[in-house]
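Asks: Sharing upload11.cif here; it has mmCIF, C-alpha atoms.
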data_entry
loop_
_atom_site.group_PDB
_atom_site.id
_atom_site.type_symbol
_atom_site.label_atom_id
_atom_site.label_comp_id
_atom_site.auth_asym_id
_atom_site.auth_seq_id
_atom_site.Cartn_x
_atom_site.Cartn_y
_atom_site.Cartn_z
ATOM 1 C CA THR Q 1010 -12.406 -10.451 22.172
ATOM 2 C CA ASP Q 1011 -11.620 -7.021 23.572
ATOM 3 C CA ILE Q 1012 -14.319 -5.055 25.423
ATOM 4 C CA VAL Q 1013 -14.419 -2.185 22.927
ATOM 5 C CA ALA Q 1014 -14.969 -4.550 20.017
ATOM 6 C CA LYS Q 1015 -17.764 -6.263 21.929
ATOM 7 C CA ALA Q 1016 -19.442 -2.964 22.696
ATOM 8 C CA MET Q 1017 -19.328 -1.755 19.102
ATOM 9 C CA GLY Q 1018 -21.213 -4.785 17.869
ATOM 10 C CA PRO Q 1019 -21.096 -6.993 14.751
ATOM 11 C CA ASN Q 1020 -19.282 -4.605 12.388
ATOM 12 C CA ALA Q 1021 -16.360 -4.206 14.788
ATOM 13 C CA ASP Q 1022 -16.360 -7.947 15.382
ATOM 14 C CA ARG Q 1023 -16.229 -8.447 11.601
ATOM 15 C CA ALA Q 1024 -13.229 -6.147 11.157
ATOM 16 C CA ILE Q 1025 -11.341 -7.852 13.995
ATOM 17 C CA GLN Q 1026 -12.286 -11.274 12.657
ATOM 18 C CA LEU Q 1027 -10.876 -10.396 9.222
ATOM 19 C CA LEU Q 1028 -7.572 -9.467 10.839
ATOM 20 C CA ARG Q 1029 -7.602 -12.684 12.835
ATOM 21 C CA GLU Q 1030 -8.305 -14.758 9.733
ATOM 22 C CA ALA Q 1031 -5.466 -13.039 7.880
ATOM 23 C CA ALA Q 1032 -3.176 -14.018 10.757
ATOM 24 C CA ASP Q 1033 -4.322 -17.642 10.935
ATOM 25 C CA ASP Q 1034 -1.448 -18.920 8.792
ATOM 26 C CA LEU Q 1035 1.097 -17.416 11.172
ATOM 27 C CA GLU Q 1036 1.901 -19.136 14.445
ATOM 28 C CA PRO Q 1037 0.885 -16.923 17.412
ATOM 29 C CA ARG Q 1038 3.978 -15.562 19.122
ATOM 30 C CA GLU Q 1039 4.934 -13.173 21.876
ATOM 31 C CA ALA Q 1040 6.997 -11.251 19.295
ATOM 32 C CA TYR Q 1041 7.317 -11.080 15.502
ATOM 33 C CA VAL Q 1042 10.699 -10.198 14.002
ATOM 34 C CA PHE Q 1043 11.396 -8.445 10.699
ATOM 35 C CA GLU Q 1044 15.075 -8.544 9.733
ATOM 36 C CA PRO Q 1045 16.978 -6.727 6.974
ATOM 37 C CA GLU Q 1046 18.700 -8.645 4.211
ATOM 38 C CA GLY Q 1047 22.052 -7.206 5.277
ATOM 39 C CA PRO Q 1048 23.770 -6.895 8.657
ATOM 40 C CA VAL Q 1049 21.662 -5.948 11.680
ATOM 41 C CA GLU Q 1050 22.885 -2.604 13.019
ATOM 42 C CA GLY Q 1051 20.266 -2.057 15.686
ATOM 43 C CA VAL Q 1052 17.032 -3.377 17.193
ATOM 44 C CA ALA Q 1053 13.720 -1.524 17.035
ATOM 45 C CA HIS Q 1054 10.800 -2.291 19.324
ATOM 46 C CA PHE Q 1055 7.464 -1.739 17.578
ATOM 47 C CA ILE Q 1056 4.056 -1.567 19.254
ATOM 48 C CA GLY Q 1057 0.920 -0.938 17.208
ATOM 49 C CA GLY Q 1058 -2.392 0.726 17.911
ATOM 50 C CA ALA Q 1059 -5.599 -0.399 19.577
ATOM 51 C CA ALA Q 1060 -6.930 -3.654 18.071
ATOM 52 C CA LEU Q 1061 -4.397 -3.445 15.215
ATOM 53 C CA GLY Q 1062 -1.562 -3.993 17.679
ATOM 54 C CA THR Q 1063 -2.949 -7.438 18.448
ATOM 55 C CA PHE Q 1064 -1.999 -8.479 14.901
ATOM 56 C CA PRO Q 1065 1.198 -6.533 14.052
ATOM 57 C CA GLN Q 1066 2.388 -9.322 11.742
ATOM 58 C CA VAL Q 1067 -0.617 -8.535 9.526
ATOM 59 C CA ALA Q 1068 -1.604 -4.896 10.085
ATOM 60 C CA TYR Q 1069 1.940 -3.509 10.059
ATOM 61 C CA LYS Q 1070 3.848 -6.049 7.965
ATOM 62 C CA ALA Q 1071 4.218 -3.658 5.010
ATOM 63 C CA LEU Q 1072 5.600 -0.900 7.222
ATOM 64 C CA LEU Q 1073 7.924 -3.021 9.342
ATOM 65 C CA THR Q 1074 9.396 -4.863 6.368
ATOM 66 C CA ARG Q 1075 10.291 -1.505 4.842
ATOM 67 C CA VAL Q 1076 11.702 -0.111 8.093
ATOM 68 C CA ALA Q 1077 13.934 -3.165 8.577
ATOM 69 C CA GLN Q 1078 15.374 -2.784 5.072
ATOM 70 C CA LYS Q 1079 15.728 1.012 5.042
ATOM 71 C CA CYS Q 1080 17.225 1.275 8.530
ATOM 72 C CA GLY Q 1081 19.229 -1.947 8.710
ATOM 73 C CA VAL Q 1082 17.541 -2.904 11.973
ATOM 74 C CA ALA Q 1083 15.759 -5.954 13.296
ATOM 75 C CA VAL Q 1084 12.223 -4.851 14.115
ATOM 76 C CA VAL Q 1085 10.645 -6.721 17.025
ATOM 77 C CA ALA Q 1086 6.864 -6.253 17.031
ATOM 78 C CA THR Q 1087 5.183 -7.217 20.291
ATOM 79 C CA PRO Q 1088 1.410 -7.885 20.131
ATOM 80 C CA PHE Q 1089 -0.924 -7.083 23.008
ATOM 81 C CA ASP Q 1090 -4.600 -7.572 23.775
ATOM 82 C CA LEU Q 1091 -6.508 -4.326 24.079
ATOM 83 C CA GLY Q 1092 -7.778 -3.693 27.587
ATOM 84 C CA LEU Q 1093 -8.081 -0.974 30.200
ATOM 85 C CA ASP Q 1094 -4.745 -1.592 31.977
ATOM 86 C CA HIS Q 1095 -2.162 0.067 29.736
ATOM 87 C CA ASP Q 1096 0.570 -0.359 32.353
ATOM 88 C CA ALA Q 1097 0.074 -4.128 32.168
ATOM 89 C CA ALA Q 1098 0.125 -4.056 28.368
ATOM 90 C CA ALA Q 1099 3.361 -2.061 28.432
ATOM 91 C CA ARG Q 1100 4.978 -4.563 30.804
ATOM 92 C CA THR Q 1101 3.920 -7.470 28.585
ATOM 93 C CA CYS Q 1102 5.417 -5.808 25.514
ATOM 94 C CA ARG Q 1103 8.625 -4.853 27.337
ATOM 95 C CA THR Q 1104 9.182 -8.412 28.578
ATOM 96 C CA ALA Q 1105 8.606 -9.886 25.117
ATOM 97 C CA PHE Q 1106 10.930 -7.342 23.484
ATOM 98 C CA ARG Q 1107 13.753 -7.907 25.952
ATOM 99 C CA ALA Q 1108 13.577 -11.668 25.480
ATOM 100 C CA GLU Q 1109 13.769 -11.387 21.678
ATOM 101 C CA ALA Q 1110 16.281 -8.524 21.553
ATOM 102 C CA ALA Q 1111 18.744 -10.562 23.624
ATOM 103 C CA ARG Q 1112 19.782 -12.120 20.294
ATOM 104 C CA TRP Q 1113 21.501 -8.819 19.435
ATOM 105 C CA ARG Q 1114 23.317 -7.814 22.598
ATOM 106 C CA GLY Q 1115 25.291 -4.595 22.440
ATOM 107 C CA LEU Q 1116 23.370 -3.063 19.551
ATOM 108 C CA PRO Q 1117 21.410 0.195 19.966
ATOM 109 C CA ARG Q 1118 17.732 -0.062 20.868
ATOM 110 C CA TYR Q 1119 14.998 2.080 19.331
ATOM 111 C CA GLY Q 1120 11.275 2.385 19.930
ATOM 112 C CA ILE Q 1121 8.609 2.898 17.250
ATOM 113 C CA GLY Q 1122 4.968 3.117 18.267
ATOM 114 C CA HIS Q 1123 1.697 3.899 16.527
ATOM 115 C CA SER Q 1124 -1.293 5.422 18.329
ATOM 116 C CA LEU Q 1125 -1.823 3.532 21.606
ATOM 117 C CA GLY Q 1126 1.469 1.733 20.959
ATOM 118 C CA ALA Q 1127 3.263 5.085 21.221
ATOM 119 C CA LYS Q 1128 1.742 5.572 24.669
ATOM 120 C CA LEU Q 1129 2.887 2.099 25.733
ATOM 121 C CA LEU Q 1130 6.445 2.905 24.622
ATOM 122 C CA LEU Q 1131 6.349 6.118 26.651
ATOM 123 C CA LEU Q 1132 5.177 4.171 29.703
ATOM 124 C CA ILE Q 1133 8.121 1.799 29.248
ATOM 125 C CA ALA Q 1134 10.524 4.728 28.890
ATOM 126 C CA CYS Q 1135 9.087 6.360 32.013
ATOM 127 C CA ASP Q 1136 10.029 3.254 33.988
ATOM 128 C CA ASP Q 1137 13.423 2.945 32.277
ATOM 129 C CA ALA Q 1138 14.762 6.123 30.638
ATOM 130 C CA ASP Q 1139 17.570 4.107 29.028
ATOM 131 C CA ALA Q 1140 15.278 1.539 27.410
ATOM 132 C CA TYR Q 1141 15.583 3.175 23.966
ATOM 133 C CA GLU Q 1142 18.139 5.485 22.399
ATOM 134 C CA LYS Q 1143 15.460 7.078 20.257
ATOM 135 C CA LEU Q 1144 11.668 7.076 20.130
ATOM 136 C CA VAL Q 1145 9.594 7.585 16.982
ATOM 137 C CA LEU Q 1146 5.963 8.179 17.922
ATOM 138 C CA LEU Q 1147 3.478 7.853 15.055
ATOM 139 C CA ALA Q 1148 0.251 9.761 15.799
ATOM 140 C CA PRO Q 1149 0.513 8.999 19.528
ATOM 141 C CA ASN Q 1150 -2.770 8.474 21.323
ATOM 142 C CA ASN Q 1151 -3.187 9.347 24.990
ATOM 143 C CA SER Q 1152 -6.906 9.271 25.515
ATOM 144 C CA GLY Q 1153 -9.516 7.241 27.277
ATOM 145 C CA VAL Q 1154 -11.921 4.497 26.311
ATOM 146 C CA ALA Q 1155 -13.945 6.762 24.025
ATOM 147 C CA ASP Q 1156 -11.015 7.354 21.700
ATOM 148 C CA SER Q 1157 -10.090 3.678 21.591
ATOM 149 C CA ALA Q 1158 -13.650 3.181 20.404
ATOM 150 C CA ARG Q 1159 -13.235 5.938 17.809
ATOM 151 C CA LEU Q 1160 -10.106 4.254 16.473
ATOM 152 C CA LEU Q 1161 -11.955 0.964 16.206
ATOM 153 C CA GLU Q 1162 -14.799 2.811 14.469
ATOM 154 C CA ARG Q 1163 -12.317 4.017 11.833
ATOM 155 C CA LEU Q 1164 -10.994 0.483 11.460
ATOM 156 C CA VAL Q 1165 -14.540 -0.680 10.801
ATOM 157 C CA ASP Q 1166 -15.051 2.103 8.242
ATOM 158 C CA ALA Q 1167 -11.754 1.337 6.512
ATOM 159 C CA ALA Q 1168 -12.554 -2.376 6.371
ATOM 160 C CA GLY Q 1169 -15.985 -1.642 4.965
ATOM 161 C CA GLY Q 1170 -17.591 -3.798 7.629
ATOM 162 C CA GLY Q 1171 -17.125 -6.863 5.421
ATOM 163 C CA ALA Q 1172 -19.111 -7.860 2.375
ATOM 164 C CA GLY Q 1173 -22.844 -7.886 2.988
ATOM 165 C CA GLU Q 1174 -22.519 -6.536 6.502
ATOM 166 C CA LYS Q 1175 -25.034 -3.992 7.755
ATOM 167 C CA ARG Q 1176 -23.251 -0.772 8.630
ATOM 168 C CA PRO Q 1177 -23.816 1.111 11.900
ATOM 169 C CA ALA Q 1178 -26.530 3.767 11.941
ATOM 170 C CA GLU Q 1179 -25.121 6.982 10.516
ATOM 171 C CA GLY Q 1180 -25.123 10.195 12.526
ATOM 172 C CA ILE Q 1181 -24.372 8.440 15.821
ATOM 173 C CA ASP Q 1182 -21.123 9.217 17.638
ATOM 174 C CA TRP Q 1183 -20.399 5.620 18.636
ATOM 175 C CA GLY Q 1184 -17.112 6.576 20.296
ATOM 176 C CA GLY Q 1185 -18.826 9.176 22.464
ATOM 177 C CA VAL Q 1186 -21.692 6.861 23.341
ATOM 178 C CA LEU Q 1187 -19.333 4.057 24.333
ATOM 179 C CA GLY Q 1188 -17.057 6.388 26.253
ATOM 180 C CA ALA Q 1189 -19.970 7.721 28.266
ATOM 181 C CA ALA Q 1190 -21.241 4.212 28.934
ATOM 182 C CA PHE Q 1191 -17.864 2.991 30.143
ATOM 183 C CA SER Q 1192 -17.366 6.120 32.281
ATOM 184 C CA MET Q 1193 -20.751 5.671 33.910
ATOM 185 C CA ALA Q 1194 -19.807 2.099 34.665
ATOM 186 C CA GLY Q 1195 -16.637 3.338 36.359
ATOM 187 C CA LEU Q 1196 -14.366 1.960 33.642
ATOM 188 C CA GLU Q 1197 -11.387 3.947 32.367
ATOM 189 C CA VAL Q 1198 -7.880 3.277 31.202
ATOM 190 C CA THR Q 1199 -4.896 3.049 33.556
ATOM 191 C CA PRO Q 1200 -3.036 5.334 33.625
ATOM 192 C CA PRO Q 1201 -5.583 7.982 32.610
ATOM 193 C CA PRO Q 1202 -4.463 10.740 30.189
ATOM 194 C CA ALA Q 1203 -3.565 13.311 32.863
ATOM 195 C CA GLU Q 1204 -1.381 10.853 34.781
ATOM 196 C CA THR Q 1205 0.386 9.814 31.581
ATOM 197 C CA LEU Q 1206 1.262 13.459 30.889
ATOM 198 C CA GLU Q 1207 2.611 13.828 34.429
ATOM 199 C CA ARG Q 1208 4.828 10.768 34.030
ATOM 200 C CA VAL Q 1209 6.112 11.906 30.630
ATOM 201 C CA ALA Q 1210 6.910 15.362 32.033
ATOM 202 C CA ARG Q 1211 9.249 13.658 34.526
ATOM 203 C CA LEU Q 1212 10.916 11.581 31.820
ATOM 204 C CA ARG Q 1213 14.621 12.437 31.578
ATOM 205 C CA ARG Q 1214 15.429 12.117 27.881
ATOM 206 C CA PRO Q 1215 17.466 14.252 25.480
ATOM 207 C CA ALA Q 1216 15.130 16.220 23.217
ATOM 208 C CA ARG Q 1217 16.896 14.849 20.135
ATOM 209 C CA GLY Q 1218 15.814 11.374 21.185
ATOM 210 C CA VAL Q 1219 12.110 11.844 20.438
ATOM 211 C CA THR Q 1220 10.376 12.367 17.087
ATOM 212 C CA PHE Q 1221 6.646 12.835 16.627
ATOM 213 C CA VAL Q 1222 5.244 11.864 13.237
ATOM 214 C CA ARG Q 1223 1.882 13.533 12.660
ATOM 215 C CA PHE Q 1224 -0.576 13.193 9.787
ATOM 216 C CA GLU Q 1225 -2.301 16.027 7.953
ATOM 217 C CA ASP Q 1226 -5.744 14.369 7.967
ATOM 218 C CA ASP Q 1227 -5.609 13.171 11.569
ATOM 219 C CA ASP Q 1228 -7.641 15.060 14.136
ATOM 220 C CA ASP Q 1229 -8.909 14.045 17.566
ATOM 221 C CA LEU Q 1230 -6.872 10.829 17.933
ATOM 222 C CA ASP Q 1231 -3.403 12.416 17.747
ATOM 223 C CA ALA Q 1232 -2.180 13.500 21.189
ATOM 224 C CA ALA Q 1233 1.128 15.004 20.020
ATOM 225 C CA ALA Q 1234 -0.254 18.501 20.660
ATOM 226 C CA SER Q 1235 -0.540 17.742 24.387
ATOM 227 C CA LEU Q 1236 2.521 15.508 24.661
ATOM 228 C CA GLY Q 1237 4.810 17.894 22.770
ATOM 229 C CA PRO Q 1238 4.824 20.711 25.347
ATOM 230 C CA VAL Q 1239 5.888 18.334 28.137
ATOM 231 C CA MET Q 1240 8.681 16.981 25.905
ATOM 232 C CA SER Q 1241 10.120 20.314 24.886
ATOM 233 C CA GLY Q 1242 12.513 20.147 21.949
ATOM 234 C CA ALA Q 1243 11.206 16.938 20.425
ATOM 235 C CA SER Q 1244 11.136 17.083 16.628
ATOM 236 C CA ILE Q 1245 7.935 16.867 14.577
ATOM 237 C CA ASP Q 1246 7.472 15.518 11.042
ATOM 238 C CA TRP Q 1247 4.234 16.052 9.120
ATOM 239 C CA LEU Q 1248 3.071 13.506 6.542
ATOM 240 C CA ASP Q 1249 0.086 12.987 4.254
ATOM 241 C CA GLY Q 1250 -2.682 10.672 5.404
ATOM 242 C CA GLY Q 1251 -4.860 10.027 8.410
ATOM 243 C CA HIS Q 1252 -4.513 8.177 11.681
ATOM 244 C CA LEU Q 1253 -4.262 4.775 9.987
ATOM 245 C CA ALA Q 1254 -1.557 5.839 7.499
ATOM 246 C CA PRO Q 1255 1.028 3.367 8.954
ATOM 247 C CA VAL Q 1256 -1.329 0.459 8.213
ATOM 248 C CA PHE Q 1257 -1.625 -1.487 4.966
ATOM 249 C CA VAL Q 1258 -3.291 -4.901 4.717
ATOM 250 C CA GLU Q 1259 -4.499 -6.790 1.682
ATOM 251 C CA ALA Q 1260 -5.257 -10.346 2.737
ATOM 252 C CA GLY Q 1261 -8.056 -12.655 3.743
ATOM 253 C CA GLY Q 1262 -10.801 -10.512 2.245
ATOM 254 C CA LEU Q 1263 -9.552 -7.442 4.103
ATOM 255 C CA ARG Q 1264 -8.051 -4.323 2.594
ATOM 256 C CA LEU Q 1265 -6.887 -1.479 4.814
ATOM 257 C CA GLY Q 1266 -4.790 1.564 4.024
ATOM 258 C CA GLU Q 1267 -2.726 2.782 1.109
ATOM 259 C CA GLU Q 1268 0.684 1.387 0.230
ATOM 260 C CA ASN Q 1269 2.084 4.756 -0.866
ATOM 261 C CA LEU Q 1270 1.318 6.230 2.578
ATOM 262 C CA VAL Q 1271 3.198 3.376 4.248
ATOM 263 C CA ASP Q 1272 6.208 4.182 2.047
ATOM 264 C CA GLY Q 1273 6.143 7.751 3.311
ATOM 265 C CA VAL Q 1274 5.964 6.640 6.947
ATOM 266 C CA ALA Q 1275 8.905 4.263 6.484
ATOM 267 C CA ASP Q 1276 10.955 7.066 4.890
ATOM 268 C CA ALA Q 1277 10.173 9.369 7.819
ATOM 269 C CA ILE Q 1278 11.279 6.729 10.327
ATOM 270 C CA ALA Q 1279 14.499 6.111 8.411
#
Mind turning this structure into structure tokens?

Replies:
Amino acid sequence: TDIVAKAMGPNADRAIQLLREAADDLEPREAYVFEPEGPVEGVAHFIGGAALGTFPQVAYKALLTRVAQKCGVAVVATPFDLGLDHDAAARTCRTAFRAEAARWRGLPRYGIGHSLGAKLLLLIACDDADAYEKLVLLAPNNSGVADSARLLERLVDAAGGGAGEKRPAEGIDWGGVLGAAFSMAGLEVTPPPAETLERVARLRRPARGVTFVRFEDDDDLDAAASLGPVMSGASIDWLDGGHLAPVFVEAGGLRLGEENLVDGVADAIA
């Protein structure tokens, strides 16, 4: 269980457990592939957000199925366990993607990331500027432990904490409290936000190769406002919804997101 989920207590544990139960029927893999019905014309690497990215075959199935069909690409979703070392998570995802994508040698490679997953894709691209021909970054997150906690807090809210579960005390900024606690304990993500911006600023990539997808109801979790200026010329699309708009799950007693919002995200990616 990831450290943020532990710190947030039983409601966070419940939300994560519901995702895990929904994934129980699917064999754990290093990568999950969504293929179009027709010919494969490219390969897209997808990495999801904090906690949700551990179960992409559940949390993002609706989105990735649509993207595969609309774009004619094989989508390779690489799960990762949420932790403090984002460089290590990026390396794990890159290795898993390369192994799976070898099935389609010679086809163009694309990167699609949501929230923390967008940051991991940028870290991969910073190490290898030719890793992807195009990046689509959905509400990219480039913050510290506190904001990972805030994202998990929204997951808990969206999941309703599970039937009969006692909800966290209202009026408490759990993300801020956890962030302060982790900071005092000397714990922070690697690389920290400022270093990530420095790396991205050195990234040699044509401006046309990067698209930010932002959401009207998102606020403090979307880092596109700070990433955009260091990636001058990148395009920006605005869509309805909040930070979890790319997510739709209805399984195992868990319901997250709205299907119509996922349709809009898939259209924007296509």

Asks: I'd like the contact shell of range 1125-1135 of chain Q - 10 Å cut-off, only C-alpha atoms, skipping same-chain residues fewer than 6 positions apart - returned as an NGL selection string.

Replies: :Q and (1054-1062 or 1087-1089 or 1091 or 1095-1100 or 1102-1103 or 1141 or 1144-1152 or 1156-1157 or 1160 or 1200 or 1202 or 1205-1206 or 1208-1214 or 1221 or 1230-1232 or 1236)

Asks: Find, counting only C-alpha atoms, the residue in Q:Leu1072, Q:Cys1080, Q:Ile1121, Q:Val1052 that gets nearest to Leu1270 in chain Q.

Replies: Q:Leu1072

Asks: Please evaluate the PyMOL selection byres ((chain Q and resi 1266) around 6) against the structure above and give the resulting residues as a list in words.

Replies: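 For this structure, the PyMOL selection byres ((chain Q and resi 1266) around 6) resolves to Val1256, Phe1257, Leu1265 and Glu1267 of chain Q.
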
Asks: Keeping only C-alpha atoms, write the selected residues to a file as a compact mmCIF listing (two decimals), keeping the file's coordinate frame.

Replies:
# COMPACT_ATOMS: atom_id res chain seq x y z
CA VAL Q 1256 -1.33 0.46 8.21
CA PHE Q 1257 -1.62 -1.49 4.97
CA LEU Q 1265 -6.89 -1.48 4.81
CA GLU Q 1267 -2.73 2.78 1.11

Asks: Any idea what the distance is between CA of Ala1234 in chain Q and CA of Asp1136 in chain Q?

Replies: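 That distance, rounded to one decimal, is 22.7 Å.
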
Asks: Can you work out which one of Q:Glu1225, Q:Phe1043, Q:Glu1109, Q:Glu1204 has the shortest atom-to-atom distance to Ala1071 in chain Q, counting all atoms listed in the file?

Replies: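 Of Q:Glu1225, Q:Phe1043, Q:Glu1109, Q:Glu1204, the one nearest Ala1071 in chain Q is Q:Phe1043, counting all atoms listed in the file.
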
Asks: I'd like to know which of Q:Ile1278, Q:Arg1223, Q:Val1239, Q:Val1084 is closest to Ala1254 in chain Q, using all atoms listed in the file.

Replies: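 When distances to Ala1254 in chain Q are compared using all atoms listed in the file, the smallest one comes from Q:Arg1223.
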
Asks: Any idea what the distance is between CA of Trp1113 in chain Q and CA of Ala1053 in chain Q?

Replies: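 Rounded to one decimal, the two atoms are 10.9 Å apart.
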
Asks: Find the residue from Q:Val1219, Q:Val1042, Q:Ala1203, Q:Ala1077 that sits nearest to Arg1112 in chain Q; use all atoms listed in the file when measuring.

Replies: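 That would be Q:Val1042, the residue with the smallest distance to Arg1112 in chain Q.
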
Asks: In Å, rounded to a single decimal, give me how far CA of Lys1143 in chain Q is from CA of Thr1104 in chain Q.

Replies: 18.7 Å

Asks: Atoms are missing here; could range 1217-1233 of chain Q be completed with N, CA, C and O atoms and written as a PDB file, keeping the file's coordinate frame?

Replies:
ATOM      1  N   ARG Q1217      16.611  15.409  21.454  1.00  0.00           N
ATOM      2  CA  ARG Q1217      16.896  14.849  20.135  1.00  0.00           C
ATOM      3  C   ARG Q1217      16.494  13.389  20.039  1.00  0.00           C
ATOM      4  O   ARG Q1217      16.476  12.809  18.961  1.00  0.00           O
ATOM      5  N   GLY Q1218      16.147  12.785  21.181  1.00  0.00           N
ATOM      6  CA  GLY Q1218      15.814  11.374  21.185  1.00  0.00           C
ATOM      7  C   GLY Q1218      14.364  11.055  20.901  1.00  0.00           C
ATOM      8  O   GLY Q1218      13.983   9.899  20.916  1.00  0.00           O
ATOM      9  N   VAL Q1219      13.540  12.075  20.650  1.00  0.00           N
ATOM     10  CA  VAL Q1219      12.110  11.844  20.438  1.00  0.00           C
ATOM     11  C   VAL Q1219      11.642  12.537  19.168  1.00  0.00           C
ATOM     12  O   VAL Q1219      11.904  13.732  18.971  1.00  0.00           O
ATOM     13  N   THR Q1220      10.960  11.796  18.302  1.00  0.00           N
ATOM     14  CA  THR Q1220      10.376  12.367  17.087  1.00  0.00           C
ATOM     15  C   THR Q1220       8.898  12.022  17.033  1.00  0.00           C
ATOM     16  O   THR Q1220       8.519  10.852  17.154  1.00  0.00           O
ATOM     17  N   PHE Q1221       8.071  13.039  16.871  1.00  0.00           N
ATOM     18  CA  PHE Q1221       6.646  12.835  16.627  1.00  0.00           C
ATOM     19  C   PHE Q1221       6.408  12.840  15.127  1.00  0.00           C
ATOM     20  O   PHE Q1221       6.878  13.737  14.422  1.00  0.00           O
ATOM     21  N   VAL Q1222       5.681  11.862  14.632  1.00  0.00           N
ATOM     22  CA  VAL Q1222       5.244  11.864  13.237  1.00  0.00           C
ATOM     23  C   VAL Q1222       3.736  12.070  13.252  1.00  0.00           C
ATOM     24  O   VAL Q1222       2.990  11.244  13.792  1.00  0.00           O
ATOM     25  N   ARG Q1223       3.303  13.186  12.667  1.00  0.00           N
ATOM     26  CA  ARG Q1223       1.882  13.533  12.660  1.00  0.00           C
ATOM     27  C   ARG Q1223       1.354  13.489  11.221  1.00  0.00           C
ATOM     28  O   ARG Q1223       2.133  13.583  10.266  1.00  0.00           O
ATOM     29  N   PHE Q1224       0.035  13.358  11.103  1.00  0.00           N
ATOM     30  CA  PHE Q1224      -0.576  13.193   9.787  1.00  0.00           C
ATOM     31  C   PHE Q1224      -1.584  14.301   9.524  1.00  0.00           C
ATOM     32  O   PHE Q1224      -2.387  14.655  10.394  1.00  0.00           O
ATOM     33  N   GLU Q1225      -1.521  14.845   8.310  1.00  0.00           N
ATOM     34  CA  GLU Q1225      -2.301  16.027   7.953  1.00  0.00           C
ATOM     35  C   GLU Q1225      -3.803  15.823   8.146  1.00  0.00           C
ATOM     36  O   GLU Q1225      -4.521  16.757   8.505  1.00  0.00           O
ATOM     37  N   ASP Q1226      -4.304  14.611   7.900  1.00  0.00           N
ATOM     38  CA  ASP Q1226      -5.744  14.369   7.967  1.00  0.00           C
ATOM     39  C   ASP Q1226      -6.174  13.754   9.292  1.00  0.00           C
ATOM     40  O   ASP Q1226      -7.325  13.341   9.446  1.00  0.00           O
ATOM     41  N   ASP Q1227      -5.258  13.681  10.244  1.00  0.00           N
ATOM     42  CA  ASP Q1227      -5.609  13.171  11.569  1.00  0.00           C
ATOM     43  C   ASP Q1227      -6.233  14.323  12.359  1.00  0.00           C
ATOM     44  O   ASP Q1227      -5.987  15.486  12.080  1.00  0.00           O
ATOM     45  N   ASP Q1228      -7.027  13.985  13.372  1.00  0.00           N
ATOM     46  CA  ASP Q1228      -7.641  15.060  14.136  1.00  0.00           C
ATOM     47  C   ASP Q1228      -7.637  14.727  15.623  1.00  0.00           C
ATOM     48  O   ASP Q1228      -6.642  14.920  16.303  1.00  0.00           O
ATOM     49  N   ASP Q1229      -8.748  14.188  16.122  1.00  0.00           N
ATOM     50  CA  ASP Q1229      -8.909  14.045  17.566  1.00  0.00           C
ATOM     51  C   ASP Q1229      -8.157  12.867  18.172  1.00  0.00           C
ATOM     52  O   ASP Q1229      -8.102  12.736  19.389  1.00  0.00           O
ATOM     53  N   LEU Q1230      -7.561  11.991  17.371  1.00  0.00           N
ATOM     54  CA  LEU Q1230      -6.872  10.829  17.933  1.00  0.00           C
ATOM     55  C   LEU Q1230      -5.387  11.058  18.169  1.00  0.00           C
ATOM     56  O   LEU Q1230      -4.737  10.271  18.850  1.00  0.00           O
ATOM     57  N   ASP Q1231      -4.829  12.125  17.614  1.00  0.00           N
ATOM     58  CA  ASP Q1231      -3.403  12.416  17.747  1.00  0.00           C
ATOM     59  C   ASP Q1231      -3.179  13.300  18.969  1.00  0.00           C
ATOM     60  O   ASP Q1231      -3.672  14.423  19.035  1.00  0.00           O
ATOM     61  N   ALA Q1232      -2.419  12.780  19.940  1.00  0.00           N
ATOM     62  CA  ALA Q1232      -2.180  13.500  21.189  1.00  0.00           C
ATOM     63  C   ALA Q1232      -0.848  14.231  21.207  1.00  0.00           C
ATOM     64  O   ALA Q1232      -0.422  14.707  22.261  1.00  0.00           O
ATOM     65  N   ALA Q1233      -0.180  14.339  20.053  1.00  0.00           N
ATOM     66  CA  ALA Q1233       1.128  15.004  20.020  1.00  0.00           C
ATOM     67  C   ALA Q1233       1.038  16.451  20.496  1.00  0.00           C
ATOM     68  O   ALA Q1233       1.983  16.984  21.085  1.00  0.00           O
TER      69      ALA Q1233
END
